[in-house]
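For reference, the structure is listed below as structure tokens.
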Amino acid sequence: MLWNFTNDRPIWIQLSEQLTLQIVSGKYQSGSALPSVRALASEAGVNPNTVQRAMSELESQGIIETRRTTGRIVTEDMQLISQMRDKLALERINEFINSMKALGYTENDIKNMSFFKEKL
């Protein structure tokens, strides 16, 4: 996986967002084991403590669980995964609409864009 980090927000937040995206997109299936903290840290090129903090955040949200014998796994709560996916989609839709409004388009303009309809 290609990890993309920016300087505008803490890395652990960006890691948790990117891991969430991987979970809701199906890269990490429900019930599957996640790589270890050290493996993820090595892959992403960050400190293991940073990965640990991101994992703790995902665990507090219920997206991942820690099991004594298997380590961290993706939640088996498909409803939660679906809700997270819908939440991320809505955030992206709102970002798009706000960007288009900044360009001077109205909501009606956006709905009726022929080039947008062609992409769907």
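Starting from 1 in every chain, residues are counted up; chains themselves are A, B, ... following the order of the structure tokens, and ligands are numbered from 1 as listed.
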Spatial neighbours of A:Val24, max dist 7 Å, only C-alpha atoms, sep filter under 2 positions, as number ranges by chain
A: 20-22, 26, 81, 84-85
Export of prior selection with N, CA and C atoms as a PDB file, in the first residue's frame:
```
ATOM      1  N   THR A  20      -9.023   3.084   7.872  1.00  0.00           N
ATOM      2  CA  THR A  20     -10.481   3.018   7.784  1.00  0.00           C
ATOM      3  C   THR A  20     -10.909   2.872   6.341  1.00  0.00           C
ATOM      4  N   LEU A  21     -10.306   3.636   5.453  1.00  0.00           N
ATOM      5  CA  LEU A  21     -10.618   3.544   4.028  1.00  0.00           C
ATOM      6  C   LEU A  21     -10.329   2.140   3.494  1.00  0.00           C
ATOM      7  N   GLN A  22      -9.222   1.564   3.918  1.00  0.00           N
ATOM      8  CA  GLN A  22      -8.885   0.207   3.481  1.00  0.00           C
ATOM      9  C   GLN A  22      -9.898  -0.817   3.997  1.00  0.00           C
ATOM     10  N   GLY A  26     -12.821  -2.812   1.563  1.00  0.00           N
ATOM     11  CA  GLY A  26     -12.706  -4.261   1.461  1.00  0.00           C
ATOM     12  C   GLY A  26     -11.296  -4.802   1.368  1.00  0.00           C
ATOM     13  N   ILE A  81     -19.341  -1.153   9.572  1.00  0.00           N
ATOM     14  CA  ILE A  81     -18.506  -0.919   8.391  1.00  0.00           C
ATOM     15  C   ILE A  81     -19.305  -0.182   7.326  1.00  0.00           C
ATOM     16  N   MET A  84     -19.733   3.442   8.345  1.00  0.00           N
ATOM     17  CA  MET A  84     -18.487   4.196   8.140  1.00  0.00           C
ATOM     18  C   MET A  84     -18.283   4.499   6.655  1.00  0.00           C
ATOM     19  N   ARG A  85     -18.593   3.538   5.816  1.00  0.00           N
ATOM     20  CA  ARG A  85     -18.459   3.738   4.367  1.00  0.00           C
ATOM     21  C   ARG A  85     -19.387   4.853   3.898  1.00  0.00           C
TER      22      ARG A  85
END
```
Please provide as a PyMOL selection string all residues within 7 Å of stretch 13-19 of chain A, with the sequence filter that same-chain residues fewer than 2 positions apart are discarded (counting only C-alpha atoms).
chain A and resi 5+10-11+21-23+54-55+58
Atoms to include: N, CA and C atoms. Write the selected residues as a PDB file, in the first residue's frame.
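In the end it all went to selection.pdb:
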```pdb
ATOM      1  N   PHE A   5       1.112  10.935   3.233  1.00  0.00           N
ATOM      2  CA  PHE A   5       0.954  11.784   4.404  1.00  0.00           C
ATOM      3  C   PHE A   5       1.217  13.231   4.025  1.00  0.00           C
ATOM      4  N   PRO A  10      -1.748  15.560  12.123  1.00  0.00           N
ATOM      5  CA  PRO A  10      -0.900  14.509  12.707  1.00  0.00           C
ATOM      6  C   PRO A  10      -0.942  13.219  11.888  1.00  0.00           C
ATOM      7  N   ILE A  11       0.201  12.556  11.813  1.00  0.00           N
ATOM      8  CA  ILE A  11       0.326  11.321  11.036  1.00  0.00           C
ATOM      9  C   ILE A  11      -0.612  10.243  11.563  1.00  0.00           C
ATOM     10  N   LEU A  21     -10.306   3.636   5.453  1.00  0.00           N
ATOM     11  CA  LEU A  21     -10.618   3.544   4.028  1.00  0.00           C
ATOM     12  C   LEU A  21     -10.329   2.140   3.494  1.00  0.00           C
ATOM     13  N   GLN A  22      -9.222   1.564   3.918  1.00  0.00           N
ATOM     14  CA  GLN A  22      -8.885   0.207   3.481  1.00  0.00           C
ATOM     15  C   GLN A  22      -9.898  -0.817   3.997  1.00  0.00           C
ATOM     16  N   ILE A  23     -10.424  -0.585   5.174  1.00  0.00           N
ATOM     17  CA  ILE A  23     -11.410  -1.499   5.748  1.00  0.00           C
ATOM     18  C   ILE A  23     -12.745  -1.370   5.025  1.00  0.00           C
ATOM     19  N   ALA A  54      -2.835   5.256  16.173  1.00  0.00           N
ATOM     20  CA  ALA A  54      -3.872   5.131  15.141  1.00  0.00           C
ATOM     21  C   ALA A  54      -4.734   3.897  15.408  1.00  0.00           C
ATOM     22  N   MET A  55      -4.103   2.792  15.763  1.00  0.00           N
ATOM     23  CA  MET A  55      -4.843   1.560  16.059  1.00  0.00           C
ATOM     24  C   MET A  55      -5.750   1.741  17.279  1.00  0.00           C
ATOM     25  N   LEU A  58      -8.830   3.548  16.154  1.00  0.00           N
ATOM     26  CA  LEU A  58      -9.755   2.668  15.426  1.00  0.00           C
ATOM     27  C   LEU A  58     -10.453   1.710  16.383  1.00  0.00           C
TER      28      LEU A  58
END
```
Quick one: pull the distance between atom CA of A:Asn112 and atom CA of A:Ile97, Å, one decimal.
12.9 Å
Taking the DSSP assignment computed from this structure's backbone, write out as a ChimeraX atom specification all residues of stretch 20-90 of chain A that belong to alpha helix (DSSP H).
/A:20-24,37-44,48-61,78-90
Looking at only C-alpha atoms, which of A:Ala39, A:Leu103, A:Leu34, A:Met1 is the one that sits closest to A:Val74?
A:Leu34
Of the candidates A:Thr69, A:Ser30, A:Thr6, A:Asn108, which shows the shortest atom-to-atom distance to A:Ser82, using only C-alpha atoms?
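Counting only C-alpha atoms, the residue closest to A:Ser82 is A:Ser30.
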